[in-house]
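Q: Enclosed is the structure file structure-v8.txt (compact mmCIF, C-alpha atoms and all ligand atoms).
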```txt
# COMPACT_ATOMS: atom_id res chain seq x y z
CA MET A 30 194.64 209.58 -103.36
CA SER A 31 196.64 212.81 -103.57
CA ASP A 32 197.12 214.99 -100.49
CA LEU A 33 194.67 217.45 -101.94
CA GLU A 34 192.02 214.86 -102.50
CA ILE A 35 192.44 213.72 -98.89
CA LEU A 36 192.11 217.34 -97.76
CA GLN A 37 188.94 217.79 -99.81
CA LYS A 38 187.46 214.56 -98.44
CA GLU A 39 188.24 215.63 -94.89
CA ALA A 40 186.70 219.04 -95.48
CA LEU A 41 183.51 217.59 -96.93
CA GLU A 42 183.18 215.22 -94.00
CA ALA A 43 183.63 218.09 -91.54
CA VAL A 44 180.92 220.06 -93.36
CA ASN A 45 178.68 217.07 -93.13
CA LYS A 46 179.24 216.71 -89.42
CA ALA A 47 178.69 220.40 -88.56
CA ALA A 48 175.64 220.39 -86.32
CA ASN A 49 175.01 224.12 -86.27
CA LEU A 50 175.88 227.36 -88.04
CA ALA A 51 178.71 228.19 -85.65
CA SER A 52 180.58 224.91 -86.19
CA LEU A 53 179.95 225.17 -89.94
CA ASP A 54 181.65 228.53 -89.90
CA GLU A 55 184.60 227.04 -88.02
CA VAL A 56 184.96 224.47 -90.85
CA ARG A 57 184.86 227.28 -93.43
CA VAL A 58 187.61 229.19 -91.65
CA LYS A 59 189.71 226.05 -91.20
CA TYR A 60 189.72 225.19 -94.92
CA LEU A 61 188.80 228.32 -96.84
CA GLY A 62 189.77 231.13 -94.46
CA LYS A 63 192.74 233.41 -95.26
CA LYS A 64 195.18 230.96 -93.75
CA GLY A 65 192.92 227.94 -94.34
CA LEU A 66 194.25 224.55 -95.41
CA ILE A 67 192.89 224.79 -98.96
CA SER A 68 193.62 228.52 -99.31
CA SER A 69 197.25 227.97 -98.40
CA GLN A 70 197.52 225.32 -101.16
CA ILE A 71 196.33 227.95 -103.62
CA SER A 72 199.12 230.26 -102.55
CA GLN A 73 201.58 227.44 -103.27
CA ILE A 74 200.71 227.42 -106.99
CA GLY A 75 203.09 230.26 -107.81
CA LYS A 76 206.00 228.41 -106.25
CA LEU A 77 205.62 225.30 -108.45
CA PRO A 78 207.58 224.71 -111.68
CA PRO A 79 205.53 226.16 -114.57
CA LYS A 80 204.76 222.74 -116.01
CA GLU A 81 202.97 221.52 -112.90
CA ARG A 82 201.11 224.73 -112.18
CA LYS A 83 198.18 224.23 -114.51
CA ASN A 84 197.35 220.75 -113.37
CA PHE A 85 197.80 221.48 -109.67
CA GLY A 86 195.84 224.73 -109.99
CA ALA A 87 192.90 222.92 -111.53
CA ILE A 88 192.81 220.32 -108.74
CA VAL A 89 193.06 222.92 -105.96
CA ASN A 90 190.36 225.00 -107.54
CA LYS A 91 188.10 222.01 -107.89
CA ALA A 92 188.59 221.19 -104.22
CA LYS A 93 187.87 224.80 -103.25
CA VAL A 94 184.66 224.97 -105.30
CA ALA A 95 183.46 221.60 -103.99
CA VAL A 96 183.96 222.63 -100.36
CA GLU A 97 182.35 226.07 -100.95
CA GLN A 98 179.28 224.50 -102.53
CA SER A 99 178.95 221.94 -99.81
CA ILE A 100 179.19 224.67 -97.13
CA ALA A 101 176.54 226.78 -98.89
CA ALA A 102 174.16 223.82 -99.14
CA LYS A 103 174.70 222.84 -95.52
CA LYS A 104 174.19 226.44 -94.44
CA GLU A 105 170.78 226.50 -96.04
CA ILE A 106 169.81 223.25 -94.30
CA LEU A 107 170.96 224.50 -90.90
CA GLU A 108 169.19 227.86 -91.32
CA ASP A 109 165.95 226.14 -92.24
CA ALA A 110 166.27 223.89 -89.22
CA ALA A 111 166.91 226.86 -86.91
CA LEU A 112 163.86 228.68 -88.28
CA ASN A 113 161.62 225.64 -87.93
CA LYS A 114 162.78 225.15 -84.36
CA LYS A 115 162.00 228.79 -83.54
CA LEU A 116 158.56 228.58 -85.15
CA ALA A 117 157.75 225.41 -83.26
CA SER A 118 158.76 226.91 -79.91
CA GLU A 119 156.81 230.14 -80.54
CA SER A 120 153.58 228.63 -81.73
CA VAL A 121 150.39 230.02 -80.18
CA ASP A 122 147.84 227.64 -78.82
CA VAL A 123 144.63 229.36 -79.91
CA SER A 124 142.55 226.81 -78.05
CA LEU A 125 143.77 228.03 -74.61
CA PRO A 126 141.10 229.86 -72.56
CA ILE A 127 141.70 233.67 -72.31
CA ARG A 128 143.13 235.10 -69.14
CA ASN A 129 140.57 236.63 -66.84
CA GLU A 130 141.65 240.28 -67.04
CA GLN A 131 140.42 242.90 -64.59
CA VAL A 132 139.22 245.99 -66.42
CA GLY A 133 139.30 249.14 -64.29
CA LYS A 134 136.45 251.60 -63.96
CA ILE A 135 136.46 255.39 -63.81
CA HIS A 136 135.27 256.65 -60.41
CA PRO A 137 132.07 258.75 -60.64
CA ILE A 138 133.90 261.73 -59.09
CA SER A 139 136.57 261.64 -61.81
CA ARG A 140 133.85 261.18 -64.39
CA VAL A 141 131.85 264.19 -63.20
CA ILE A 142 134.97 266.37 -63.05
CA ASP A 143 135.80 265.33 -66.63
CA GLU A 144 132.26 266.11 -67.75
CA CYS A 145 132.27 269.56 -66.10
CA VAL A 146 135.69 270.34 -67.55
CA ALA A 147 134.55 269.27 -71.04
CA ILE A 148 131.49 271.53 -70.91
CA LEU A 149 133.19 274.55 -69.37
CA ALA A 150 136.21 274.21 -71.66
CA ASP A 151 133.80 274.44 -74.59
CA MET A 152 132.69 277.79 -73.11
CA GLY A 153 136.28 279.02 -73.09
CA PHE A 154 137.29 278.34 -69.49
CA SER A 155 140.83 277.07 -68.96
CA VAL A 156 141.68 274.72 -66.10
CA GLU A 157 143.85 275.88 -63.17
CA GLU A 158 145.11 274.23 -60.01
CA GLY A 159 146.27 275.39 -56.61
CA PRO A 160 147.78 273.83 -53.47
CA GLU A 161 145.64 271.82 -51.06
CA ILE A 162 147.71 273.03 -48.11
CA GLU A 163 146.95 276.71 -48.15
CA ASP A 164 147.84 279.77 -46.08
CA ASP A 165 145.34 281.88 -44.22
CA PHE A 166 145.65 284.75 -46.69
CA HIS A 167 144.67 282.78 -49.80
CA ASN A 168 141.99 280.65 -48.13
CA PHE A 169 140.38 283.41 -46.06
CA THR A 170 141.75 286.94 -45.79
CA ALA A 171 142.13 287.78 -49.48
CA LEU A 172 138.64 286.38 -50.06
CA ASN A 173 137.29 289.09 -47.80
CA ILE A 174 137.02 286.81 -44.77
CA PRO A 175 138.97 288.83 -42.20
CA PRO A 176 140.50 287.30 -39.01
CA ASN A 177 137.94 286.43 -36.33
CA HIS A 178 135.10 287.00 -38.77
CA PRO A 179 132.14 284.69 -38.11
CA ALA A 180 132.27 283.59 -41.77
CA ARG A 181 135.33 281.50 -40.84
CA GLN A 182 133.12 279.30 -38.71
CA MET A 183 130.95 278.56 -41.74
CA GLN A 184 133.64 276.16 -42.80
CA ASP A 185 135.07 273.89 -40.11
CA THR A 186 138.71 274.11 -40.91
CA PHE A 187 141.54 271.60 -40.46
CA TYR A 188 144.55 273.53 -39.17
CA LEU A 189 148.10 272.22 -39.42
CA PRO A 190 150.53 272.53 -36.48
CA ALA A 191 152.24 275.94 -36.62
CA ASN A 192 155.59 277.26 -35.46
CA ASP A 193 155.47 279.77 -32.58
CA GLY A 194 154.17 283.13 -33.69
CA GLU A 195 153.23 281.93 -37.17
CA ASP A 196 149.75 281.50 -38.57
CA PRO A 197 148.91 277.84 -39.07
CA MET A 198 148.53 276.57 -42.60
CA VAL A 199 145.14 275.07 -43.39
CA LEU A 200 143.80 272.31 -45.59
CA ARG A 201 141.95 274.51 -48.07
CA THR A 202 138.27 274.65 -47.22
CA HIS A 203 137.26 275.57 -50.77
CA THR A 204 138.74 275.96 -54.24
CA SER A 205 138.04 279.72 -54.07
CA SER A 206 141.66 280.09 -52.91
CA VAL A 207 142.75 279.34 -56.49
CA GLN A 208 140.97 282.55 -57.59
CA ILE A 209 143.40 284.53 -55.45
CA ARG A 210 146.54 282.67 -56.53
CA LYS A 211 145.80 282.95 -60.24
CA MET A 212 144.72 286.59 -60.09
CA GLN A 213 147.95 287.41 -58.19
CA GLU A 214 150.03 285.61 -60.80
CA GLY A 215 148.50 287.10 -63.94
CA LYS A 216 146.73 290.08 -65.42
CA PRO A 217 143.02 290.33 -66.25
CA PRO A 218 141.02 289.14 -68.13
CA PHE A 219 140.65 285.78 -66.35
CA ARG A 220 138.39 282.96 -67.39
CA PHE A 221 139.17 279.68 -65.68
CA ILE A 222 137.84 276.86 -63.58
CA ALA A 223 139.71 275.17 -60.74
CA PRO A 224 138.67 271.62 -59.88
CA GLY A 225 140.13 269.93 -56.82
CA ARG A 226 139.93 268.43 -53.35
CA VAL A 227 138.81 270.49 -50.37
CA TYR A 228 138.64 269.63 -46.66
CA ARG A 229 136.29 270.34 -43.78
CA SER A 230 135.85 268.75 -40.40
CA ASP A 231 132.49 267.13 -41.05
CA TYR A 232 131.24 263.56 -41.40
CA ASP A 233 127.72 262.25 -41.98
CA ILE A 234 125.53 260.92 -44.79
CA THR A 235 125.94 264.12 -46.84
CA HIS A 236 129.39 265.26 -45.63
CA THR A 237 132.88 263.76 -45.82
CA PRO A 238 136.03 265.46 -44.48
CA MET A 239 137.44 265.53 -48.00
CA PHE A 240 135.31 266.35 -50.99
CA HIS A 241 135.60 268.04 -54.39
CA GLN A 242 134.66 271.38 -55.83
CA ILE A 243 135.00 273.23 -59.07
CA GLU A 244 135.56 276.95 -58.78
CA GLY A 245 134.70 279.17 -61.73
CA LEU A 246 135.97 282.70 -62.30
CA TYR A 247 135.39 285.15 -65.11
CA ILE A 248 136.89 288.64 -64.77
CA ASP A 249 136.88 291.16 -67.59
CA LYS A 250 135.54 294.60 -68.40
CA ASP A 251 131.73 294.79 -68.51
CA ILE A 252 130.99 291.31 -67.16
CA HIS A 253 127.61 291.30 -65.41
CA MET A 254 125.12 288.93 -63.78
CA GLY A 255 123.43 288.23 -67.11
CA HIS A 256 126.66 286.54 -68.22
CA LEU A 257 126.73 284.54 -65.00
CA LYS A 258 123.17 283.36 -65.43
CA GLY A 259 123.63 282.51 -69.12
CA CYS A 260 126.80 280.60 -68.41
CA LEU A 261 125.29 278.54 -65.57
CA HIS A 262 122.13 277.90 -67.60
CA GLN A 263 124.15 276.48 -70.51
CA PHE A 264 126.32 274.50 -68.14
CA LEU A 265 123.46 272.92 -66.20
CA LYS A 266 121.51 271.97 -69.34
CA ALA A 267 124.60 270.32 -70.82
CA PHE A 268 125.56 268.60 -67.56
CA PHE A 269 122.14 267.11 -66.84
CA GLU A 270 121.60 266.44 -70.56
CA VAL A 271 118.21 268.14 -70.69
CA ASP A 272 116.82 270.56 -73.29
CA GLU A 273 115.61 273.01 -70.70
CA VAL A 274 116.11 273.58 -67.00
CA PRO A 275 114.35 276.29 -64.96
CA LEU A 276 116.85 278.38 -62.95
CA ARG A 277 116.21 280.40 -59.82
CA PHE A 278 118.71 282.80 -58.25
CA ARG A 279 118.07 283.12 -54.51
CA PRO A 280 119.81 285.94 -52.62
CA SER A 281 122.50 284.53 -50.36
CA PHE A 282 125.70 285.52 -48.63
CA PHE A 283 129.31 284.75 -49.40
CA PRO A 284 132.00 287.15 -48.18
CA PHE A 285 133.79 287.05 -51.56
CA THR A 286 130.82 287.96 -53.75
CA GLU A 287 128.37 290.86 -53.82
CA PRO A 288 125.62 290.27 -54.65
CA SER A 289 125.71 286.56 -53.84
CA ALA A 290 123.23 283.96 -54.93
CA GLU A 291 122.32 280.37 -54.40
CA VAL A 292 121.17 278.75 -57.63
CA ASP A 293 118.21 276.34 -57.63
CA ILE A 294 117.13 274.23 -60.57
CA GLY A 295 113.62 273.04 -61.35
CA CYS A 296 112.92 269.38 -60.68
CA ALA A 297 110.20 266.90 -59.84
CA ARG A 298 110.45 264.76 -56.72
CA GLN A 299 108.44 261.56 -56.76
CA ASP A 300 108.84 258.38 -54.72
CA GLY A 301 112.30 259.48 -53.62
CA LYS A 302 113.36 259.98 -57.23
CA ILE A 303 114.44 263.36 -58.58
CA THR A 304 113.87 264.29 -62.22
CA ILE A 305 115.86 267.35 -63.26
CA GLY A 306 114.42 269.94 -65.65
CA ALA A 307 110.72 269.39 -65.11
CA GLY A 308 108.19 269.72 -62.31
CA LYS A 309 107.45 272.29 -59.65
CA ASP A 310 110.08 271.56 -57.02
CA TRP A 311 113.41 273.34 -56.59
CA LEU A 312 116.81 271.89 -55.85
CA GLU A 313 119.76 273.90 -54.56
CA ILE A 314 122.70 273.26 -56.83
CA LEU A 315 125.51 275.81 -56.39
CA GLY A 316 126.69 279.13 -54.98
CA CYS A 317 127.77 282.11 -57.04
CA GLY A 318 127.89 285.88 -57.29
CA MET A 319 129.69 288.93 -58.61
CA VAL A 320 133.26 289.04 -57.28
CA HIS A 321 133.43 291.44 -54.32
CA PRO A 322 135.38 294.66 -55.05
CA ASN A 323 137.50 293.98 -51.93
CA VAL A 324 138.67 290.67 -53.43
CA LEU A 325 139.77 292.40 -56.62
CA THR A 326 141.53 295.12 -54.64
CA ASN A 327 143.29 292.46 -52.52
CA VAL A 328 144.92 291.06 -55.67
CA GLY A 329 145.75 294.46 -57.15
CA ILE A 330 142.92 294.71 -59.67
CA ASP A 331 140.98 297.97 -59.96
CA PRO A 332 137.30 297.07 -59.39
CA GLU A 333 136.27 300.24 -61.25
CA GLU A 334 137.87 298.84 -64.37
CA TYR A 335 137.36 295.10 -64.06
CA GLN A 336 134.62 293.00 -62.58
CA GLY A 337 133.17 289.56 -63.05
CA PHE A 338 131.55 286.54 -61.57
CA ALA A 339 132.52 283.46 -59.60
CA PHE A 340 130.78 280.21 -58.83
CA GLY A 341 131.43 277.12 -56.75
CA LEU A 342 130.16 273.65 -57.63
CA GLY A 343 130.10 270.65 -55.33
CA ILE A 344 131.19 267.65 -57.39
CA GLU A 345 129.80 264.94 -55.09
CA ARG A 346 126.41 266.64 -55.09
CA LEU A 347 126.37 266.80 -58.89
CA ALA A 348 127.45 263.14 -59.07
CA MET A 349 124.73 262.03 -56.65
CA LEU A 350 122.07 263.94 -58.56
CA LYS A 351 123.10 262.77 -62.00
CA TYR A 352 124.09 259.19 -61.28
CA GLY A 353 122.39 258.45 -57.98
CA ALA A 354 124.27 257.12 -54.98
CA PRO A 355 122.39 257.36 -51.72
CA ASP A 356 125.27 257.75 -49.25
CA LEU A 357 128.10 260.18 -49.97
CA ARG A 358 130.51 258.20 -47.80
CA ASN A 359 130.45 255.29 -50.29
CA PHE A 360 132.33 257.48 -52.75
CA PHE A 361 135.44 257.12 -50.61
CA ASP A 362 135.09 253.62 -49.15
CA CYS A 363 137.26 252.16 -51.91
CA ASP A 364 134.92 249.18 -52.27
CA ILE A 365 135.66 247.57 -55.63
CA ARG A 366 132.12 246.16 -55.87
CA TRP A 367 130.69 249.67 -55.46
CA LEU A 368 133.07 250.98 -58.11
CA ASN A 369 132.17 248.20 -60.51
CA HIS A 370 128.53 249.15 -60.10
CA TYR A 371 128.75 252.96 -60.15
CA GLY A 372 131.97 253.37 -62.16
CA PHE A 373 132.32 254.18 -65.87
CA SER A 374 134.03 252.48 -68.76
CA ALA A 375 137.39 254.05 -69.49
CA LEU A 376 136.57 254.01 -73.20
CA ASN A 377 133.62 256.34 -72.81
CA ILE A 378 135.37 259.72 -72.72
CA PRO A 379 133.20 262.77 -71.90
CA SER A 380 135.17 265.14 -74.12
CA LYS A 381 134.14 262.95 -77.05
CA THR A 382 130.57 262.38 -75.96
CA GLY A 383 129.82 265.45 -73.86
CA GLY A 384 130.81 269.10 -73.83
CA LEU A 385 128.32 271.60 -75.16
CA ALA A 386 127.62 269.70 -78.37
N1 LIG B 401 133.55 278.76 -51.72
C1 LIG B 401 132.17 278.44 -51.51
C2 LIG B 401 132.03 277.24 -50.58
O1 LIG B 401 132.94 276.49 -50.49
C3 LIG B 401 131.47 278.13 -52.79
C4 LIG B 401 131.32 279.35 -53.62
C5 LIG B 401 130.21 280.14 -53.49
C6 LIG B 401 132.30 279.72 -54.50
C7 LIG B 401 130.05 281.27 -54.21
C8 LIG B 401 132.16 280.86 -55.25
C9 LIG B 401 131.02 281.63 -55.10
O2 LIG B 401 133.06 281.26 -56.12
O3 LIG B 401 130.88 282.77 -55.84
O4 LIG B 401 131.03 277.06 -49.97
```
Now, as a test, write the supplied structure out as C-alpha cells.
Ligand code: DAH
A:
Amino acid sequence: MSDLEILQKEALEAVNKAANLASLDEVRVKYLGKKGLISSQISQIGKLPPKERKNFGAIVNKAKVAVEQSIAAKKEILEDAALNKKLASESVDVSLPIRNEQVGKIHPISRVIDECVAILADMGFSVEEGPEIEDDFHNFTALNIPPNHPARQMQDTFYLPANDGEDPMVLRTHTSSVQIRKMQEGKPPFRFIAPGRVYRSDYDITHTPMFHQIEGLYIDKDIHMGHLKGCLHQFLKAFFEVDEVPLRFRPSFFPFTEPSAEVDIGCARQDGKITIGAGKDWLEILGCGMVHPNVLTNVGIDPEEYQGFAFGLGIERLAMLKYGAPDLRNFFDCDIRWLNHYGFSALNIPSKTGGLA
C-alpha cells in the first residue's frame, strides 16, 4: 500500500470513529484543512518530476474526494442523530394532568371605578389624579372651607405630624382637592373626573378609614344646573344598566358649591332588596352643585366669565348598591374567598361592555 493509500485509510477510519460533529470537524481539519495531511500532499505535486505528476495527482485527488464524501455522509448521520436526540428530550407528554393555576379576580372597587371611568369618558371627561397626602389649602381652604370653620368637622381628618409653626399635612378627606390642583395648573374649560382613595377617621358597618371617591368637574362658559342634571341622569342610567331612573335633587350644603344638592334615585325596597329605577322609594346616591364663586376666585378664575358644576361619588356605596355586599368592611379584609365570590373576571372589561353604549 502506498503512503497515500495508508493516509486515506487512516482518514476514513477516523471519520468512522468520530462520535460527534466537533470531532468530525477535527478530522476534517487534520486531513483536509489548509495544512492538513492530504492537502499538503497536493501541494507536493508541483515539486515532482513532470512524468510522475499526473499519476500522483490522480491518486491524491482520489484520496481527497473519498475523504470529503465520507465526511459529508457522516455529517448528515451525526446531524440527524443530534436532532432526534433533541426531539426525544423535548417531547411533550399530553397525557399529564394540567397544573392547577390560580386565576385572579378584579376587586369590585376596581371594577366600579373602571365602569364609572368608561361611562364618564364617553361623555368627554378626562381622568386626573392628585396626591393622597394633601395640604390644608387644597383640601380645605381653597374649597371655601376656611380655618376653624365648622365644615371641617364634617370630615374627621387624619393629620400628619407637623414641624413647629407649620400647618400639618392631611390625608385628603375627599377627591375635591384635585379640583383645586388641576384648576391651578391649567386654564378653563375643564372637564375631568378624579377617582382615588380618601381617608376619614371613621369605622363601622358603613364606614372605613380609607374609601374611594370619584370627583367630577365641568367648568366652561354658560354651564348650568340643567347640564349637571342631564349628565348625572345619563351616568346613573348607564351605571345601573336601567332604561330609566327617576332623579330627585334635594337642597343640601357643601361649602364648595352653591347651590348644593344631594341626588336621590328612585328605587323599590322589598325584603331587604333594593331595585334601582322603579318603585316609590328614594335612595341618596351622591352630592353635587354649582361650583362656588369663591372656589373659582381662589384658583384665579373669574366667576363672572366661567362657571360649572361638580359632583362627588362614593365608590363603595355604588359597588354595594350594584353588586350587593352587606358589610363595607369586607371590601378591605383581603379575604381571597370573598374576592373569589364578589370579584370579576379579568377578561370582562367594562370599556368593551359598558360605557354609554
Ligand atoms: N367632597 C364631598 C364629600 O366628600 C363630596 C362632594 C359633594 C363633592 C358635592 C363635590 C360636590 O364635588 O359638588 O363629602
Q: Could you list, as a VMD selection string, all the residues within 9 Å of ligand LIG 401 (chain B), counting all atoms listed in the file?
A: chain A and resid 183 to 184 202 to 206 208 227 242 to 246 282 to 287 289 to 291 315 to 320 338 to 343
Q: Using all atoms listed in the file, what table do you get, as a Markdown table, when you list each residue of region 119-152 of chain A with an atom no more than 6 Å from region 369-372 of chain A, its nearest pair of atoms, and their distance in Å rounded to one decimal, rows by chain then rising number?
A:
```
| residue | atom | partner | partner_atom | distance |
| --- | --- | --- | --- | --- |
| A:Lys134 | CA | A:Gly372 | CA | 5.1 |
| A:Ile135 | CA | A:Gly372 | CA | 5.2 |
| A:His136 | CA | A:Gly372 | CA | 5.0 |
| A:Pro137 | CA | A:Gly372 | CA | 5.6 |
```
Q: With C-alpha atoms retained, write the just-selected residues as a PDB file, in the frame of the given file.
A:
```
ATOM      1  CA  LYS A 134     136.450 251.600 -63.960  1.00  0.00           C
ATOM      2  CA  ILE A 135     136.460 255.390 -63.810  1.00  0.00           C
ATOM      3  CA  HIS A 136     135.270 256.650 -60.410  1.00  0.00           C
ATOM      4  CA  PRO A 137     132.070 258.750 -60.640  1.00  0.00           C
TER       5      PRO A 137
END
```
Q: Pick out the closest residue to Thr237 (chain A) from this set: A:Asp331, A:Glu313, A:Glu345, A:Glu105. Count all atoms listed in the file.
A: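 The closest residue to Thr237 (chain A) is A:Glu345.
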Q: Find the residue from A:Arg57, A:Arg226, A:Arg346, A:His256 that sits nearest to Val141 (chain A); use only C-alpha atoms when measuring.
A: A:Arg346
Q: Of the candidates A:Ile138, A:Val292, A:Ala111, A:Cys145, which shows the shortest atom-to-atom distance to Phe361 (chain A), using only C-alpha atoms?
A: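 Of A:Ile138, A:Val292, A:Ala111, A:Cys145, the one nearest Phe361 (chain A), counting only C-alpha atoms, is A:Ile138.
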Q: Could you tell me which of A:Leu66, A:Pro218, A:Asp151, A:Val96 comes closest to Asp251 (chain A) if we count only C-alpha atoms?
A: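 Nearest to Asp251 (chain A): A:Pro218.
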Q: Find the residue from A:Pro126, A:Pro197, A:Pro176, A:Gly337 that sits nearest to Phe219 (chain A); use all atoms listed in the file when measuring.
A: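 Closest to Phe219 (chain A) of all the choices is A:Gly337.
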Q: Grab the CA of Glu158 (chain A) to CA of Ile222 (chain A) distance for me, in Å with one decimal place.
A: 8.5 Å
Q: If we count all atoms listed in the file and set the cut-off at 12 Å, which residues sit around Leu53 (chain A), ignoring sequence neighbours fewer than 4 positions away in its own chain? Please answer as a ChimeraX atom specification.
A: /A:40-49,57-61,96-97,99-108
Q: Residues near Glu195 (chain A), anyone? I mean within 12 Å using only C-alpha atoms, not counting same-chain ones fewer than 6 positions away, as a PyMOL selection string.
A: chain A and resi 164-165+189
Q: Please write as a count of residues only the list of polymer residues whose atoms come within 7 Å of (144.9, 275.6, -38.3), counting all atoms listed in the file and keeping to the coordinates of the file.
A: 8
Q: Out of A:Asp300, A:Asp32, A:Glu119, A:Glu333, which residue has the shortest atom-to-atom distance to Ile252 (chain A) when counting only C-alpha atoms?
A: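 So, comparing all the options, the nearest one is A:Glu333.
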Q: If I put a ball of radius 7 Å at (128.6, 255.8, -53.3) in the file's coordinates, which residues poke into it when counting only C-alpha atoms, written as a list in words?
A: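 The residues near that point, listed by chain and number, are Ala354, Pro355, Asp356, Leu357, Arg358, Asn359, Phe360 and Trp367 of chain A.
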Q: Those residues with C-alpha atoms, as an mmCIF file, in the frame of the given file please?
A:
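The file below, part_32.cif, is the result:
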```cif
data_model
loop_
_atom_site.group_PDB
_atom_site.id
_atom_site.type_symbol
_atom_site.label_atom_id
_atom_site.label_comp_id
_atom_site.auth_asym_id
_atom_site.auth_seq_id
_atom_site.Cartn_x
_atom_site.Cartn_y
_atom_site.Cartn_z
ATOM 1 C CA ALA A 354 124.270 257.120 -54.980
ATOM 2 C CA PRO A 355 122.390 257.360 -51.720
ATOM 3 C CA ASP A 356 125.270 257.750 -49.250
ATOM 4 C CA LEU A 357 128.100 260.180 -49.970
ATOM 5 C CA ARG A 358 130.510 258.200 -47.800
ATOM 6 C CA ASN A 359 130.450 255.290 -50.290
ATOM 7 C CA PHE A 360 132.330 257.480 -52.750
ATOM 8 C CA TRP A 367 130.690 249.670 -55.460
#
```
Q: So which residues touch region 266-274 of chain A within 8 Å, counting all atoms listed in the file, skipping near sequence neighbours fewer than 5 positions away, as a list in words?
A: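 Contacts, with the query itself left out: Glu144, Cys145, Ile148, Ile294, Gly295, Ile305, Gly306, Ala307, Lys351, Gly383, Gly384 and Leu385 of chain A.
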Q: Padding 5 Å on each side, edges along x, y and z: where is the centre of the box around the listed atoms of region 108-115 of chain A, and how long are its edges in Å to one decimal? Output it as lines of an AutoDock Vina configuration file.
A:
```
center_x = 165.4
center_y = 226.3
center_z = -87.9
size_x = 17.6
size_y = 14.9
size_z = 18.7
```
Q: Rounded to one decimal, what separation in Å do you get between CA of His241 (chain A) and CA of Pro224 (chain A)?
A: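 Taking CA of His241 (chain A) and CA of Pro224 (chain A), their separation equals 7.2 Å.
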Q: What lies within 10 Å of Asp185 (chain A) using all atoms listed in the file, ignoring chain neighbours under 6 positions off, as a PyMOL selection string?
A: chain A and resi 202+228-231+238
Q: Please dump the current selection as a PDB file, keeping the file's coordinate frame; keep C-alpha atoms.
A:
```
ATOM      1  CA  THR A 202     138.270 274.650 -47.220  1.00  0.00           C
ATOM      2  CA  TYR A 228     138.640 269.630 -46.660  1.00  0.00           C
ATOM      3  CA  ARG A 229     136.290 270.340 -43.780  1.00  0.00           C
ATOM      4  CA  SER A 230     135.850 268.750 -40.400  1.00  0.00           C
ATOM      5  CA  ASP A 231     132.490 267.130 -41.050  1.00  0.00           C
ATOM      6  CA  PRO A 238     136.030 265.460 -44.480  1.00  0.00           C
TER       7      PRO A 238
END
```
Q: Between CA of Phe278 (chain A) and CA of Gly329 (chain A), what distance in Å does the model show, to one decimal?
A: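 Straight-line distance from CA of Phe278 (chain A) to CA of Gly329 (chain A) works out to 29.5 Å.
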Q: For Lys93 (chain A), please output as a PyMOL selection string all residues within 8 Å (counting all atoms listed in the file; exclusion window: fewer than 2 positions along the same chain).
A: chain A and resi 37+61+67-68+89-91+95-97
